[in-house]
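Below: the structure, in structure tokens.
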Amino acid sequence: MTTTVQPVPHQENRKKREKYYVTTLKRLFSNKLAIAGLVIVVLQVLMAIFAPLITPYDPVAQNLMKSELPVFSEGHWLGTDNYGRDVWSRIVYGARISLVVGVVAVSLGLIGGVTLGLLGGYYRKLDSPIMRIVDLLFSFPGILLAMLIIAILGTSLINVAIAISIWSIPTCARIVRGSVLSVKEKEYIMAMRSMGASDLRIMVKHILPNITAPIIVFATMRMATAILSTAALSFLGLGAQPPTPEWGAMISQGQDFMWSAPHLTIVPGIAIMLTVFAFNVLGDGLRDALDPNMNID
Amino acid sequence: MFALVVRRFFQLLFLLLGISFLVFSSMYIAPGDPAAIIAGPTAAESDIEAIRDNLGLNEPFLAQYGRYLSNAVQGDLGYSYQTKQPVWEAIMIRFPNTLKLAIASMIVAVIIGIIAGLVSALRQNSLWDVSATTFALAGISIPNFWLGAVLILVFAVNLEWLPVGGLSSPWYTLDGVKELILPAITLGTASAAMIARMARSSMLEVIRADYVRTARAKGVKEGSVIWIHTLKNAMIPIITVIGLNFGFLLGGTIITEKVFAINGVGRLMIDAIAARDFPMVQGSVLLVAALFVIVNLAVDIIYTYIDPRISYD
């Protein structure tokens, strides 16, 4: 006995999907600014992964004989700080901290935001209470909400990541809810429902894969905000504590030596700016590439 | 219009109630016994218990919240654990500095943002456009605490043109204005960048509209086309961004106050968080969040005035 497999619809779907990915990549690679952003992000990730291999010194090892060396000094091309710590090594390890905190914060924010957005968009009864909570979270300026959370949890980098993730939830929930509302009335969702598919299956298997574009764009843009906010909170003394080589904390410590060693302030600032710029332009590029009509600003 | 204002006002009351509940419950669940913090590390358990009774901390959560709310409405936000000063008084002493900074930054942001956006749209693809677009991209990527430090280094430390920090002179004096310049640029740059982006895209959209072409075809002078026919319509999304940015600026004052050693609500809040002075954190967060939602309400009402097609029904 043989079974007849009809591959045509699946093949067509696969071809369509492949065409979509190719078009998206073509659009992305035609945007020079987005490519610049992508290159910087990739370099940062490589720097973060291979930090021990590309840094000549321990980022927290002090050498008071060599304190406050200027940039392009022998053996310390970005100079040293007031404790004689190598600035390049601290910048590279700082990239690791910023990226890890950013990824944790954005991932937690996505879990919360996507869940709330899916539930709110799919179940009409849950929509109003969820959106009121979202409105309430929106009524705090982001940094204030983060500070309120840190006031409860205490000052540390993990708490900064949690605070930034909670701050990300309302925006993510609104974006996802809007997308779910437009997708859930589509014919294929109705078809799945009439075939008896469970709500969970419809949400996870059929709605979620169709709303990934705005989520990807949100996540990329949010990485920029998360890195900037981590640095800002550490600058305020609410995040990384000395001697952790975090960029915001480095600027805060460098401010006391602005006259004698301005590079201690300028170098970490440029590192933050480049990273935030890279994620912003990459996010912009992805938005245009994934859907030229989409606007989540 | 009146109905809208009334409806939004009631929505605002509910939102304020929600904010106060969230802020109060956040501090309620925060670790640490307020009575023990007030009594100090060497206090006897009986003294701590007496303070707890006195503050009503043994009462149920909702009773405590109810009392906090009724006191807050009367301007009583409790006493600082650290300085024993009334929270309301401590905030009000510093609030003018925060407001001054936020307004000055808004002025900087609106002037730079709209001019950059307009020039960019009117001279599309020119050097002006490229410069303005680059500024807009850089502006949202620059950490403002870093920009502040660099501005201090250049204009206060090296050139000695402007003071390093502080806001002690009245704003209408030359010294007062000088003190505000660097903090306002520091805080206003990111908002200027966002306003410039919105102004550019909004102007480009309106400038291509049919009625603008008609106006030009009728021989209306270019100045009138820009200032009378296009700007009002282009302003609608720009005002949205300006309104949203005012809230953003209120939050941003926290960082700028720290950079320029300004004695404002933001610095008060940072010190209070570090010292776990919960009534002070509660009070300052409540005030800034309340101001934020009130500004948003004002922006909503301004929309309907500028564009009568907008309805919140």
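Naming works like this for the structure tokens: A, B, ... for the chains as they're shown, residue 1 at the start of each chain, ligands 1 onward in shown order.
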Which parts of range 12-218 of chain B does DSSP call helix (DSSP H, G or I) when run on the backbone here, written out as a VMD selection string?
chain B and resid 12 to 29 34 to 39 45 to 55 61 to 73 87 to 122 127 to 141 144 to 158 174 to 207 210 to 217
Which polymer residues have any atom within 9 Å of an atom of Leu144 in chain A, counting only C-alpha atoms, with same-chain residues fewer than 4 positions away left out, as a PyMOL selection string?
(chain A and resi 140+148-149) or (chain B and resi 251-252+254+285+288-289)
Exercise answer, chain A residues close to chain B, 6 Å and only C-alpha atoms, as a VMD selection string
chain A and resid 139 to 141 151 to 152 269 273 276 to 277
Could you name the residues that touch Thr134 in chain B at 12 Å or less, counting only C-alpha atoms, but leaving out those on the same chain fewer than 4 positions away, as a compact mmCIF listing (two decimals) with all heavy atoms, in the first residue's frame?
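Result file follows (part-v8.txt):
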# COMPACT_ATOMS: atom_id res chain seq x y z
N LEU A 33 23.66 52.43 5.54
CA LEU A 33 23.73 52.78 6.96
C LEU A 33 23.45 51.55 7.83
O LEU A 33 24.10 51.31 8.84
CB LEU A 33 22.70 53.88 7.24
CG LEU A 33 23.09 54.95 8.26
CD1 LEU A 33 24.47 55.50 8.01
CD2 LEU A 33 22.06 56.05 8.28
N PHE A 277 24.21 53.83 18.22
CA PHE A 277 24.01 54.25 16.83
C PHE A 277 23.83 53.00 15.95
O PHE A 277 22.92 52.93 15.12
CB PHE A 277 25.23 55.06 16.38
CG PHE A 277 25.28 55.36 14.92
CD1 PHE A 277 24.56 56.42 14.39
CD2 PHE A 277 26.05 54.58 14.05
CE1 PHE A 277 24.61 56.68 13.03
CE2 PHE A 277 26.10 54.85 12.69
CZ PHE A 277 25.37 55.91 12.19
N VAL A 281 20.47 52.29 13.74
CA VAL A 281 20.40 52.27 12.27
C VAL A 281 20.08 50.86 11.75
O VAL A 281 19.38 50.71 10.74
CB VAL A 281 21.68 52.81 11.58
CG1 VAL A 281 21.83 54.30 11.82
CG2 VAL A 281 22.93 52.09 12.01
N ALA B 116 15.98 72.37 12.17
CA ALA B 116 16.73 71.31 11.45
C ALA B 116 15.78 70.50 10.55
O ALA B 116 16.11 70.21 9.40
CB ALA B 116 17.43 70.40 12.45
N GLY B 117 14.61 70.17 11.08
CA GLY B 117 13.65 69.38 10.31
C GLY B 117 13.13 70.12 9.09
O GLY B 117 13.04 69.56 7.99
N SER B 120 15.87 70.65 6.49
CA SER B 120 16.14 69.35 5.89
C SER B 120 15.07 68.99 4.84
O SER B 120 15.37 68.49 3.76
CB SER B 120 16.15 68.35 7.03
OG SER B 120 16.54 67.13 6.61
N LEU B 127 23.25 69.36 1.12
CA LEU B 127 24.22 69.20 2.22
C LEU B 127 23.53 69.48 3.57
O LEU B 127 23.82 68.86 4.58
CB LEU B 127 25.39 70.17 2.00
CG LEU B 127 26.59 69.97 2.91
CD1 LEU B 127 27.23 68.60 2.69
CD2 LEU B 127 27.62 71.08 2.70
N TRP B 128 22.60 70.48 3.55
CA TRP B 128 21.84 70.81 4.76
C TRP B 128 21.08 69.59 5.25
O TRP B 128 21.02 69.30 6.44
CB TRP B 128 20.84 71.94 4.47
CG TRP B 128 21.47 73.28 4.33
CD1 TRP B 128 21.72 73.94 3.17
CD2 TRP B 128 21.95 74.12 5.39
NE1 TRP B 128 22.32 75.13 3.42
CE2 TRP B 128 22.47 75.28 4.78
CE3 TRP B 128 21.99 74.00 6.77
CZ2 TRP B 128 23.02 76.32 5.52
CZ3 TRP B 128 22.54 75.04 7.51
CH2 TRP B 128 23.05 76.18 6.90
N ASP B 129 20.45 68.92 4.29
CA ASP B 129 19.63 67.75 4.62
C ASP B 129 20.50 66.66 5.23
O ASP B 129 20.16 66.10 6.28
CB ASP B 129 18.94 67.25 3.34
CG ASP B 129 17.95 66.12 3.64
OD1 ASP B 129 17.53 66.00 4.81
OD2 ASP B 129 17.62 65.36 2.70
N VAL B 130 21.64 66.41 4.60
CA VAL B 130 22.54 65.36 5.09
C VAL B 130 23.02 65.71 6.51
O VAL B 130 23.02 64.88 7.42
CB VAL B 130 23.75 65.17 4.13
CG1 VAL B 130 24.76 64.19 4.71
CG2 VAL B 130 23.27 64.69 2.77
N ALA B 138 22.82 61.12 15.24
CA ALA B 138 23.82 61.18 16.32
C ALA B 138 23.12 61.60 17.61
O ALA B 138 23.42 61.06 18.68
CB ALA B 138 24.91 62.18 15.95
N GLY B 139 22.18 62.53 17.51
CA GLY B 139 21.51 63.06 18.70
C GLY B 139 20.82 62.01 19.53
O GLY B 139 20.84 62.05 20.76
N ILE B 140 20.20 61.01 18.85
CA ILE B 140 19.50 59.99 19.64
C ILE B 140 20.47 58.90 20.13
O ILE B 140 20.09 58.07 20.94
CB ILE B 140 18.33 59.33 18.87
CG1 ILE B 140 18.77 58.83 17.50
CG2 ILE B 140 17.14 60.25 18.76
CD1 ILE B 140 17.73 57.95 16.83
N SER B 141 21.70 58.92 19.63
CA SER B 141 22.66 57.90 20.06
C SER B 141 23.62 58.39 21.15
O SER B 141 24.26 57.60 21.82
CB SER B 141 23.48 57.41 18.86
OG SER B 141 22.63 57.01 17.82
N ALA B 193 16.74 65.92 18.29
CA ALA B 193 16.95 64.95 17.21
C ALA B 193 15.63 64.26 16.84
O ALA B 193 15.31 64.11 15.66
CB ALA B 193 17.97 63.92 17.66
N MET B 194 14.85 63.89 17.87
CA MET B 194 13.58 63.21 17.58
C MET B 194 12.60 64.17 16.89
O MET B 194 11.89 63.80 15.96
CB MET B 194 12.97 62.68 18.87
CG MET B 194 13.69 61.44 19.37
SD MET B 194 12.90 60.80 20.83
CE MET B 194 14.14 61.04 22.05
N ALA B 196 13.42 66.76 15.07
CA ALA B 196 13.93 67.01 13.72
C ALA B 196 13.50 65.88 12.77
O ALA B 196 13.07 66.13 11.64
CB ALA B 196 15.45 67.14 13.75
N ARG B 197 13.61 64.65 13.23
CA ARG B 197 13.21 63.50 12.39
C ARG B 197 11.74 63.59 12.03
O ARG B 197 11.35 63.37 10.89
CB ARG B 197 13.47 62.18 13.15
CG ARG B 197 14.87 61.64 12.97
CD ARG B 197 15.16 60.60 14.01
NE ARG B 197 14.55 59.32 13.68
CZ ARG B 197 15.25 58.22 13.40
NH1 ARG B 197 16.54 58.25 13.39
NH2 ARG B 197 14.65 57.09 13.15
Can you tell me, as a list in words, what residues are no more than 9 Å from Gly75 in chain A when counting only C-alpha atoms, ignoring any on the same chain fewer than 2 positions away?
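Result of the neighbour search: Pro56, Phe72, Ser73, Trp77, Gly79 and Asp86 of chain A.
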Given the selection you just returned, output its residues as a file containing C-alpha atoms, formatted as a PDB file, in the first residue's frame.
ATOM      1  CA  PRO A  56      46.384  42.409  26.919  1.00  0.00           C
ATOM      2  CA  PHE A  72      48.583  55.956  22.289  1.00  0.00           C
ATOM      3  CA  SER A  73      50.927  55.239  25.201  1.00  0.00           C
ATOM      4  CA  TRP A  77      46.844  52.423  23.107  1.00  0.00           C
ATOM      5  CA  GLY A  79      45.747  54.894  27.925  1.00  0.00           C
ATOM      6  CA  ASP A  86      44.144  49.505  30.818  1.00  0.00           C
TER       7      ASP A  86
END
Residue with smallest distance to Arg85 in chain A - pool A:Thr244, A:Thr212, A:Asn280, A:Ser234, counting only C-alpha atoms:
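Of the candidates, the smallest distance to Arg85 in chain A is held by A:Thr244.
Residues in contact with Val114 in chain A at up to 8 Å, not including ones fewer than 4 positions away on its chain and judged by only C-alpha atoms, are Leu110, Leu118, Cys172, Ala173 and Val176 of chain A.
The space between CA of Met1 in chain B and CA of Ser128 in chain A spans 25.2 Å.
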Contacts of Leu69 in chain A within 12 Å, only C-alpha atoms, excl. fewer than 4 positions in-chain, as number ranges by chain:
A: 63-65, 73-87, 257, 260-264
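Comparing A:Pro245, A:Leu119, A:Asp288, A:Ala163 by their smallest distance to Ala61 in chain A, the closest is A:Pro245 (using only C-alpha atoms).
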Kindly give the distance, in Å, that separates CA of Leu187 in chain B and CA of Phe218 in chain A, rounded to a single decimal.
24.5 Å
Contact residues around range 178-184 of chain A with only C-alpha atoms at 9 Å, ignoring same-chain residues under 5 positions, as a list in words
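Here the qualifying residues turn out to be Gly117, Leu118, Gly120, Gly121, Tyr122, Ala173, Ile189, Met190, Met203, Ile207, Leu208, Asn210, Ile211 and Pro214 of chain A.
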Would you put the residues from that selection into a file with N, CA, C and O atoms, as a compact mmCIF listing (two decimals), in the first residue's frame?
# COMPACT_ATOMS: atom_id res chain seq x y z
N GLY A 117 0.74 40.97 25.07
CA GLY A 117 0.20 41.41 23.79
C GLY A 117 -0.63 40.33 23.11
O GLY A 117 -1.70 40.59 22.56
N LEU A 118 -0.11 39.08 23.17
CA LEU A 118 -0.84 37.95 22.55
C LEU A 118 -2.18 37.75 23.26
O LEU A 118 -3.22 37.62 22.61
N GLY A 120 -3.85 39.85 25.22
CA GLY A 120 -4.73 41.01 25.05
C GLY A 120 -5.35 41.06 23.66
O GLY A 120 -6.53 41.37 23.49
N GLY A 121 -4.53 40.76 22.65
CA GLY A 121 -5.03 40.83 21.27
C GLY A 121 -5.97 39.67 20.95
O GLY A 121 -6.93 39.83 20.19
N TYR A 122 -5.71 38.51 21.55
CA TYR A 122 -6.48 37.32 21.17
C TYR A 122 -7.79 37.21 21.95
O TYR A 122 -8.84 36.91 21.38
N ALA A 173 4.11 45.08 24.39
CA ALA A 173 2.74 44.56 24.47
C ALA A 173 1.83 45.28 23.47
O ALA A 173 1.01 44.66 22.80
N ILE A 189 -6.52 31.71 10.08
CA ILE A 189 -6.72 31.55 11.53
C ILE A 189 -8.13 31.00 11.78
O ILE A 189 -8.34 30.10 12.59
N MET A 190 -9.09 31.56 11.03
CA MET A 190 -10.49 31.07 11.14
C MET A 190 -10.53 29.57 10.79
O MET A 190 -11.22 28.78 11.44
N MET A 203 -2.22 30.58 18.77
CA MET A 203 -1.41 31.75 19.14
C MET A 203 0.08 31.51 18.86
O MET A 203 0.75 32.35 18.27
N ILE A 207 -0.17 32.50 14.90
CA ILE A 207 -0.16 33.97 14.97
C ILE A 207 1.28 34.48 15.17
O ILE A 207 1.75 35.33 14.43
N LEU A 208 1.94 33.92 16.16
CA LEU A 208 3.29 34.40 16.50
C LEU A 208 4.26 34.43 15.30
O LEU A 208 4.93 35.45 15.07
N ASN A 210 3.67 34.94 12.36
CA ASN A 210 3.27 35.96 11.39
C ASN A 210 3.43 37.38 11.90
O ASN A 210 3.12 38.34 11.18
N ILE A 211 3.84 37.52 13.17
CA ILE A 211 4.04 38.88 13.67
C ILE A 211 5.49 39.08 14.13
O ILE A 211 5.78 39.94 14.95
N PRO A 214 7.55 42.95 13.28
CA PRO A 214 7.61 44.08 14.22
C PRO A 214 8.33 43.73 15.52
O PRO A 214 8.95 44.60 16.13
Quick check, in Å to one decimal: how far apart do CA of Met250 in chain A and CA of Val108 in chain B lie?
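Distance reported for this atom pair: 28.4 Å.
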